[in-house]
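Coordinates as given in coords_27.cif (mmCIF, C-alpha atoms):
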```cif
data_query
#
loop_
_atom_site.group_PDB
_atom_site.id
_atom_site.type_symbol
_atom_site.label_atom_id
_atom_site.label_comp_id
_atom_site.auth_asym_id
_atom_site.auth_seq_id
_atom_site.Cartn_x
_atom_site.Cartn_y
_atom_site.Cartn_z
ATOM 1 C CA MET A 22 95.913 93.859 77.057
ATOM 2 C CA LEU A 23 95.415 94.993 80.620
ATOM 3 C CA PRO A 24 92.013 96.333 81.638
ATOM 4 C CA SER A 25 91.828 100.088 82.176
ATOM 5 C CA TYR A 26 90.686 99.725 85.786
ATOM 6 C CA PRO A 27 93.158 98.916 88.589
ATOM 7 C CA LEU A 28 93.722 95.201 89.077
ATOM 8 C CA GLY A 29 92.666 93.661 92.382
ATOM 9 C CA LEU A 30 96.154 93.045 93.674
ATOM 10 C CA ASP A 31 98.537 95.883 94.333
ATOM 11 C CA ILE A 32 102.023 96.067 95.784
ATOM 12 C CA GLY A 33 103.416 98.108 98.641
ATOM 13 C CA LYS A 34 106.009 98.345 101.378
ATOM 14 C CA VAL A 35 105.415 97.744 105.084
ATOM 15 C CA ILE A 36 106.469 100.931 106.882
ATOM 16 C CA GLY A 37 105.035 100.583 110.375
ATOM 17 C CA THR A 38 102.465 99.157 112.750
ATOM 18 C CA VAL A 39 99.168 100.196 114.321
ATOM 19 C CA VAL A 40 98.039 98.964 117.734
ATOM 20 C CA CYS A 41 94.394 98.912 118.826
ATOM 21 C CA THR A 42 93.426 97.452 122.208
ATOM 22 C CA ILE A 43 89.719 98.068 121.702
ATOM 23 C CA LYS A 44 88.672 96.567 118.380
ATOM 24 C CA ASP A 45 86.115 94.370 116.711
ATOM 25 C CA PRO A 46 86.270 90.848 118.246
ATOM 26 C CA LYS A 47 87.009 89.350 114.820
ATOM 27 C CA LEU A 48 90.294 91.297 114.785
ATOM 28 C CA GLU A 49 91.571 89.759 118.055
ATOM 29 C CA GLY A 50 95.098 88.448 117.645
ATOM 30 C CA MET A 51 95.489 89.923 114.176
ATOM 31 C CA LYS A 52 98.237 92.361 113.234
ATOM 32 C CA LEU A 53 97.639 95.755 111.623
ATOM 33 C CA LEU A 54 100.418 97.305 109.544
ATOM 34 C CA LEU A 55 101.087 100.616 107.847
ATOM 35 C CA LEU A 56 101.487 100.119 104.131
ATOM 36 C CA GLN A 57 102.998 102.496 101.567
ATOM 37 C CA PRO A 58 101.593 101.578 98.149
ATOM 38 C CA THR A 59 104.231 101.457 95.402
ATOM 39 C CA ASP A 60 104.417 100.978 91.660
ATOM 40 C CA HIS A 61 106.093 97.949 90.085
ATOM 41 C CA ARG A 62 109.494 99.650 90.426
ATOM 42 C CA TYR A 63 108.950 99.899 94.204
ATOM 43 C CA GLU A 64 108.604 103.687 94.002
ATOM 44 C CA PRO A 65 105.996 105.147 96.418
ATOM 45 C CA ALA A 66 102.622 105.769 94.742
ATOM 46 C CA GLY A 67 99.852 107.301 96.828
ATOM 47 C CA ALA A 68 99.184 107.842 100.501
ATOM 48 C CA PRO A 69 99.976 105.186 103.136
ATOM 49 C CA PHE A 70 97.102 103.338 104.800
ATOM 50 C CA VAL A 71 96.438 100.575 107.317
ATOM 51 C CA ALA A 72 96.225 96.950 106.180
ATOM 52 C CA LEU A 73 95.598 93.671 107.956
ATOM 53 C CA ASP A 74 98.581 91.318 107.995
ATOM 54 C CA GLY A 75 97.305 88.055 106.559
ATOM 55 C CA ILE A 76 100.629 86.191 106.387
ATOM 56 C CA GLY A 77 103.103 87.427 109.030
ATOM 57 C CA CYS A 78 105.357 90.029 107.485
ATOM 58 C CA GLY A 79 107.594 92.716 108.926
ATOM 59 C CA ARG A 80 108.739 96.286 108.393
ATOM 60 C CA GLY A 81 110.649 96.996 105.202
ATOM 61 C CA GLU A 82 109.194 94.063 103.304
ATOM 62 C CA TYR A 83 107.586 94.491 99.899
ATOM 63 C CA VAL A 84 104.221 92.774 99.809
ATOM 64 C CA PHE A 85 101.106 92.445 97.728
ATOM 65 C CA TYR A 86 97.715 93.216 99.118
ATOM 66 C CA GLU A 87 94.039 92.834 98.360
ATOM 67 C CA THR A 88 91.502 95.602 98.916
ATOM 68 C CA SER A 89 87.748 96.025 99.208
ATOM 69 C CA ARG A 90 85.444 93.041 99.840
ATOM 70 C CA GLU A 91 88.178 90.589 98.865
ATOM 71 C CA ALA A 92 90.456 91.653 101.765
ATOM 72 C CA PRO A 93 88.519 89.642 104.420
ATOM 73 C CA PHE A 94 89.411 86.488 102.456
ATOM 74 C CA ALA A 95 92.922 86.727 103.915
ATOM 75 C CA TYR A 96 91.137 84.926 106.787
ATOM 76 C CA PRO A 97 88.236 83.204 104.962
ATOM 77 C CA ASP A 98 86.872 81.442 108.058
ATOM 78 C CA VAL A 99 86.773 84.618 110.161
ATOM 79 C CA GLN A 100 85.921 87.236 107.489
ATOM 80 C CA PRO A 101 87.264 90.165 109.560
ATOM 81 C CA PRO A 102 85.876 93.646 108.800
ATOM 82 C CA VAL A 103 88.848 94.985 106.834
ATOM 83 C CA ASP A 104 89.113 96.739 103.468
ATOM 84 C CA ALA A 105 92.824 96.015 102.902
ATOM 85 C CA ALA A 106 94.852 92.897 103.700
ATOM 86 C CA ILE A 107 98.384 91.741 102.899
ATOM 87 C CA VAL A 108 98.267 88.358 101.195
ATOM 88 C CA GLY A 109 101.842 87.753 100.008
ATOM 89 C CA ILE A 110 105.494 88.788 100.271
ATOM 90 C CA LEU A 111 107.242 89.795 97.038
ATOM 91 C CA ASP A 112 110.478 88.124 96.036
ATOM 92 C CA SER A 113 110.853 89.945 92.742
ATOM 93 C CA VAL A 114 108.867 91.841 90.129
ATOM 94 C CA HIS A 115 109.519 91.240 86.439
ATOM 95 C CA ASP A 116 108.578 93.998 83.985
ATOM 96 C CA GLY A 117 107.679 92.329 80.709
ATOM 97 C CA ILE A 118 107.995 95.552 78.725
ATOM 98 C CA THR A 119 111.498 96.572 79.791
ATOM 99 C CA GLY A 120 112.584 93.006 80.553
ATOM 100 C CA MET A 121 113.901 94.184 83.921
ATOM 101 C CA THR A 122 113.529 92.108 87.062
ATOM 102 C CA LYS A 123 113.614 93.938 90.364
ATOM 103 C CA HIS A 124 114.262 91.967 93.539
ATOM 104 C CA SER A 125 112.940 93.017 96.938
ATOM 105 C CA MET B 3 91.726 101.062 106.451
ATOM 106 C CA ARG B 4 92.120 104.714 107.292
ATOM 107 C CA ILE B 5 92.888 106.425 110.565
ATOM 108 C CA GLY B 6 90.487 109.144 111.636
ATOM 109 C CA LYS B 7 89.375 111.273 114.544
ATOM 110 C CA VAL B 8 85.833 111.352 115.893
ATOM 111 C CA ILE B 9 84.716 114.991 115.729
ATOM 112 C CA GLY B 10 80.964 114.712 116.122
ATOM 113 C CA THR B 11 77.780 112.697 116.029
ATOM 114 C CA VAL B 12 74.891 112.364 113.612
ATOM 115 C CA VAL B 13 71.369 111.901 114.925
ATOM 116 C CA ALA B 14 68.559 110.841 112.613
ATOM 117 C CA THR B 15 65.122 110.081 114.020
ATOM 118 C CA GLN B 16 63.637 109.033 110.724
ATOM 119 C CA LYS B 17 65.800 106.347 109.234
ATOM 120 C CA THR B 18 65.641 102.931 107.703
ATOM 121 C CA GLU B 19 64.537 100.142 110.055
ATOM 122 C CA ARG B 20 67.933 98.446 109.891
ATOM 123 C CA LEU B 21 69.718 101.494 111.253
ATOM 124 C CA LYS B 22 67.659 101.493 114.466
ATOM 125 C CA GLY B 23 70.029 101.695 117.441
ATOM 126 C CA ALA B 24 73.002 102.530 115.274
ATOM 127 C CA LYS B 25 75.497 105.071 116.580
ATOM 128 C CA LEU B 26 76.651 107.296 113.739
ATOM 129 C CA LEU B 27 79.785 109.380 114.183
ATOM 130 C CA ILE B 28 81.487 111.999 112.027
ATOM 131 C CA VAL B 29 85.109 111.032 111.461
ATOM 132 C CA GLN B 30 87.756 113.360 110.068
ATOM 133 C CA GLU B 31 90.312 111.331 108.190
ATOM 134 C CA LEU B 32 93.916 111.662 109.347
ATOM 135 C CA THR B 33 97.184 110.862 107.617
ATOM 136 C CA VAL B 34 99.119 107.940 109.084
ATOM 137 C CA GLU B 35 101.143 110.553 111.004
ATOM 138 C CA ALA B 36 97.832 111.601 112.632
ATOM 139 C CA GLN B 37 97.715 114.943 110.800
ATOM 140 C CA PRO B 38 94.186 116.151 109.884
ATOM 141 C CA THR B 39 92.967 116.040 106.281
ATOM 142 C CA SER B 40 89.944 117.757 104.707
ATOM 143 C CA THR B 41 88.023 114.495 104.209
ATOM 144 C CA PHE B 42 85.095 113.631 106.465
ATOM 145 C CA VAL B 43 83.022 110.477 106.608
ATOM 146 C CA VAL B 44 80.012 109.329 108.614
ATOM 147 C CA CYS B 45 80.752 105.941 110.188
ATOM 148 C CA MET B 46 78.683 103.476 112.130
ATOM 149 C CA ASP B 47 80.366 102.679 115.440
ATOM 150 C CA ALA B 48 81.098 99.006 116.192
ATOM 151 C CA VAL B 49 83.444 99.396 119.168
ATOM 152 C CA GLY B 50 82.074 102.145 121.446
ATOM 153 C CA ALA B 51 84.213 105.037 120.256
ATOM 154 C CA GLY B 52 83.635 108.540 121.576
ATOM 155 C CA TYR B 53 84.294 112.170 120.776
ATOM 156 C CA GLY B 54 87.997 112.878 120.254
ATOM 157 C CA ASP B 55 89.042 109.235 119.856
ATOM 158 C CA VAL B 56 91.473 108.357 117.077
ATOM 159 C CA VAL B 57 89.908 105.369 115.352
ATOM 160 C CA LEU B 58 90.419 102.875 112.579
ATOM 161 C CA THR B 59 87.750 102.916 109.868
ATOM 162 C CA CYS B 60 86.818 100.268 107.333
ATOM 163 C CA ALA B 61 85.021 101.297 104.133
ATOM 164 C CA GLY B 62 83.056 99.529 101.450
ATOM 165 C CA SER B 63 81.058 96.321 101.767
ATOM 166 C CA SER B 64 83.604 94.955 104.275
ATOM 167 C CA ALA B 65 82.100 97.512 106.666
ATOM 168 C CA ARG B 66 79.138 95.156 107.121
ATOM 169 C CA LEU B 67 81.253 92.298 108.499
ATOM 170 C CA THR B 68 81.066 93.237 112.193
ATOM 171 C CA SER B 69 78.346 91.711 114.381
ATOM 172 C CA VAL B 70 76.932 95.220 114.908
ATOM 173 C CA THR B 71 76.728 96.168 111.227
ATOM 174 C CA GLU B 72 75.981 92.839 109.534
ATOM 175 C CA THR B 73 72.402 93.752 108.656
ATOM 176 C CA ALA B 74 72.844 97.529 108.405
ATOM 177 C CA PRO B 75 73.036 99.474 105.146
ATOM 178 C CA VAL B 76 76.415 101.086 105.907
ATOM 179 C CA ASP B 77 79.617 101.515 103.922
ATOM 180 C CA ALA B 78 81.896 102.831 106.681
ATOM 181 C CA THR B 79 82.447 101.376 110.151
ATOM 182 C CA ILE B 80 84.700 102.187 113.080
ATOM 183 C CA ILE B 81 86.441 98.871 113.790
ATOM 184 C CA GLY B 82 89.003 99.905 116.394
ATOM 185 C CA ILE B 83 90.282 102.615 118.720
ATOM 186 C CA VAL B 84 93.910 103.399 117.920
ATOM 187 C CA ASP B 85 96.446 103.277 120.788
ATOM 188 C CA THR B 86 99.700 103.759 118.907
ATOM 189 C CA VAL B 87 100.899 104.288 115.363
ATOM 190 C CA GLU B 88 104.531 103.520 114.657
ATOM 191 C CA ARG B 89 106.182 104.514 111.389
ATOM 192 C CA ASP B 90 109.802 103.736 110.444
ATOM 193 C CA GLY B 91 110.555 102.867 114.070
ATOM 194 C CA GLU B 92 109.180 106.159 115.360
ATOM 195 C CA VAL B 93 105.964 106.508 117.352
ATOM 196 C CA VAL B 94 103.940 109.088 115.387
ATOM 197 C CA PHE B 95 100.766 108.769 117.462
ATOM 198 C CA GLN B 96 100.227 107.725 121.065
ATOM 199 C CA LYS B 97 96.769 107.733 122.611
ATOM 200 C CA GLY B 98 96.553 110.283 125.409
ATOM 201 C CA ALA B 99 99.754 112.053 124.370
ATOM 202 C CA GLU B 100 98.247 114.222 121.634
ATOM 203 C CA ALA B 101 98.090 117.982 122.126
#
```
How does this structure look as structure tokens?
Amino acid sequence: MLPSYPLGLDIGKVIGTVVCTIKDPKLEGMKLLLLQPTDHRYEPAGAPFVALDGIGCGRGEYVFYETSREAPFAYPDVQPPVDAAIVGILDSVHDGITGMTKHS
Amino acid sequence: MRIGKVIGTVVATQKTERLKGAKLLIVQELTVEAQPTSTFVVCMDAVGAGYGDVVLTCAGSSARLTSVTETAPVDATIIGIVDTVERDGEVVFQKGAEA
């Protein structure tokens, strides 16, 4: 049984980039991406936002991301001031109810 | 993080000790295409942003992770000044080019 609150990890699609020259020193050298959150069928769900790239991904890729106070742990030694960070690239999503597997 | 535009300042003389010296700005949230929304948030400035700047804001307890805000009771911080936003290969915001 899944809890009624949203789970910590969510999935989304990388749709663009954001460039900031002036930024917090902890963000130096880090990449900021535009992320469109999606449901487990890769359909858009909600408004796009900016996320820190914690792994090196590119436009069009489906990824999973961490939000809130857990997002800085994409870089645990630096702890950058971010509230969303991409922590993995999706290969496929398997829906246990329908038995369908969707590949990125 | 959300993109927003600095539209004003907040001045408070009487405030908690840990907010002394803090610059508080009113930020209107924008969509990722830099279109205005009806959501406003007061942010503590960590990068020296000014009126009219399009900025990147961080919310929640992560907002306290900059050197400026680490001891301050804040839940929203400006962590960057946005130069460009590119979506689907198209530049949807360019600093200095906005109307």
Hits of the PyMOL selection byres ((chain A) within 7 of (chain B)) in this structure, as a VMD selection string: chain A and resid 36 to 45 69 to 72 89 to 90 100 to 105
Distance of atom CA of Arg20 of chain B from atom CA of Thr73 of chain B, expressed in Å to one decimal place: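 Interatomic distance here is 6.6 Å.
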Selection result for the PyMOL selection byres ((chain B and resi 38) around 12) on this file, as a PyMOL selection string: chain B and resi 4-9+29-37+39-42+56
Contacts of Val108 of chain A at 8 Å (all atoms listed in the file; same-chain gap of 5+ positions) as a list in words: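 These residues fall inside the cut-off: Asp74, Gly75, Ile76, Val84, Phe85, Tyr86, Glu87 and Ala95 of chain A.
Restricting the calculation to only C-alpha atoms, the smallest distance between Ile107 of chain A and any of A:Asp60, A:Leu73, A:Phe94, A:Leu48 is found for A:Leu73.
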Atom pair atom CA of Ala74 of chain B / atom CA of Asp47 of chain B: separation (Å):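 The value is 11.5 Å.
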Give me, as a PDB file with C-alpha atoms, in the coordinates of the input, all polymer residues having an atom no more than 6 Å from Thr11 of chain B, counting only C-alpha atoms and skipping those fewer than 3 positions away in the same chain.
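Here's the written file around_17.pdb:
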```
ATOM      1  CA  LEU B  26      76.651 107.296 113.739  1.00  0.00           C
ATOM      2  CA  LEU B  27      79.785 109.380 114.183  1.00  0.00           C
ATOM      3  CA  ILE B  28      81.487 111.999 112.027  1.00  0.00           C
TER       4      ILE B  28
END
```
Separation of atom CA of Pro65 of chain A from atom CA of Gly79 of chain A in Å: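 Calculated distance between atom CA of Gly79 of chain A and atom CA of Pro65 of chain A is 17.7 Å.
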Axis-aligned box for segment 94-105 of chain A, 8 Å per side, centre and edges in Å as JSON:
```
{"center_x": 89.4, "center_y": 89.1, "center_z": 106.3, "size_x": 23.0, "size_y": 31.3, "size_z": 23.7}
```
Distance criterion (only C-alpha atoms): nearest to Ala106 of chain A out of A:Ser125, A:Thr88, A:Thr119, A:Gln57: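 Result for the nearest residue to Ala106 of chain A: A:Thr88.
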Best match for closeness to Thr122 of chain A among A:Gly50, A:Pro58, A:Tyr63, A:Lys34, counting all atoms listed in the file: A:Tyr63
May I ask you to restore N, CA and C atoms in segment 51-84 of chain A and write the result as a short mmCIF file (atom, residue, chain, number, x, y, z; two decimals), keeping the file's coordinate frame?
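Listing of result.cif after writing:
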```
data_model
loop_
_atom_site.label_atom_id
_atom_site.label_comp_id
_atom_site.auth_asym_id
_atom_site.auth_seq_id
_atom_site.Cartn_x
_atom_site.Cartn_y
_atom_site.Cartn_z
N MET A 51 95.00 89.61 115.53
CA MET A 51 95.49 89.92 114.18
C MET A 51 96.36 91.17 114.23
N LYS A 52 97.27 91.28 113.25
CA LYS A 52 98.24 92.36 113.23
C LYS A 52 97.84 93.39 112.18
N LEU A 53 97.95 94.66 112.55
CA LEU A 53 97.64 95.76 111.62
C LEU A 53 98.93 96.48 111.27
N LEU A 54 99.16 96.71 110.00
CA LEU A 54 100.42 97.30 109.54
C LEU A 54 100.15 98.56 108.72
N LEU A 55 101.14 99.46 108.74
CA LEU A 55 101.09 100.62 107.85
C LEU A 55 101.71 100.20 106.53
N LEU A 56 101.03 100.54 105.45
CA LEU A 56 101.49 100.12 104.13
C LEU A 56 101.63 101.33 103.21
N GLN A 57 102.79 101.46 102.59
CA GLN A 57 103.00 102.50 101.57
C GLN A 57 102.82 101.85 100.20
N PRO A 58 101.75 102.18 99.47
CA PRO A 58 101.59 101.58 98.15
C PRO A 58 102.72 102.03 97.21
N THR A 59 103.16 101.13 96.34
CA THR A 59 104.23 101.46 95.40
C THR A 59 103.83 101.01 94.00
N ASP A 60 104.60 101.50 93.01
CA ASP A 60 104.42 100.98 91.66
C ASP A 60 105.31 99.74 91.49
N HIS A 61 105.36 99.20 90.27
CA HIS A 61 106.09 97.95 90.08
C HIS A 61 107.61 98.14 90.13
N ARG A 62 108.06 99.40 90.22
CA ARG A 62 109.49 99.65 90.43
C ARG A 62 109.80 99.93 91.90
N TYR A 63 108.83 99.67 92.77
CA TYR A 63 108.95 99.90 94.20
C TYR A 63 109.06 101.37 94.56
N GLU A 64 108.62 102.26 93.66
CA GLU A 64 108.60 103.69 94.00
C GLU A 64 107.26 104.00 94.66
N PRO A 65 107.25 104.82 95.74
CA PRO A 65 106.00 105.15 96.42
C PRO A 65 104.96 105.74 95.46
N ALA A 66 103.71 105.29 95.61
CA ALA A 66 102.62 105.77 94.74
C ALA A 66 101.36 105.89 95.58
N GLY A 67 101.06 107.10 96.04
CA GLY A 67 99.85 107.30 96.83
C GLY A 67 100.12 107.35 98.32
N ALA A 68 99.06 107.63 99.05
CA ALA A 68 99.18 107.84 100.50
C ALA A 68 99.19 106.51 101.25
N PRO A 69 99.97 106.42 102.34
CA PRO A 69 99.98 105.19 103.14
C PRO A 69 98.62 104.95 103.80
N PHE A 70 98.35 103.70 104.12
CA PHE A 70 97.10 103.34 104.80
C PHE A 70 97.36 102.13 105.70
N VAL A 71 96.32 101.70 106.39
CA VAL A 71 96.44 100.58 107.32
C VAL A 71 95.91 99.31 106.64
N ALA A 72 96.66 98.22 106.76
CA ALA A 72 96.22 96.95 106.18
C ALA A 72 96.37 95.84 107.21
N LEU A 73 95.50 94.85 107.10
CA LEU A 73 95.60 93.67 107.96
C LEU A 73 96.72 92.78 107.45
N ASP A 74 97.52 92.23 108.38
CA ASP A 74 98.58 91.32 108.00
C ASP A 74 98.00 89.91 107.92
N GLY A 75 97.89 89.38 106.72
CA GLY A 75 97.30 88.06 106.56
C GLY A 75 98.32 86.93 106.53
N ILE A 76 99.63 87.24 106.58
CA ILE A 76 100.63 86.19 106.39
C ILE A 76 101.78 86.23 107.38
N GLY A 77 101.98 87.33 108.10
CA GLY A 77 103.10 87.43 109.03
C GLY A 77 104.30 88.06 108.37
N CYS A 78 104.22 89.35 108.11
CA CYS A 78 105.36 90.03 107.48
C CYS A 78 105.84 91.15 108.41
N GLY A 79 106.99 91.73 108.06
CA GLY A 79 107.59 92.72 108.93
C GLY A 79 107.96 93.98 108.19
N ARG A 80 108.42 94.97 108.95
CA ARG A 80 108.74 96.29 108.39
C ARG A 80 109.83 96.18 107.34
N GLY A 81 109.65 96.95 106.27
CA GLY A 81 110.65 97.00 105.20
C GLY A 81 110.38 96.00 104.10
N GLU A 82 109.45 95.07 104.33
CA GLU A 82 109.19 94.06 103.30
C GLU A 82 108.24 94.59 102.24
N TYR A 83 108.50 94.19 101.00
CA TYR A 83 107.59 94.49 99.90
C TYR A 83 106.56 93.37 99.81
N VAL A 84 105.31 93.75 99.72
CA VAL A 84 104.22 92.77 99.81
C VAL A 84 103.19 93.05 98.72
#
```
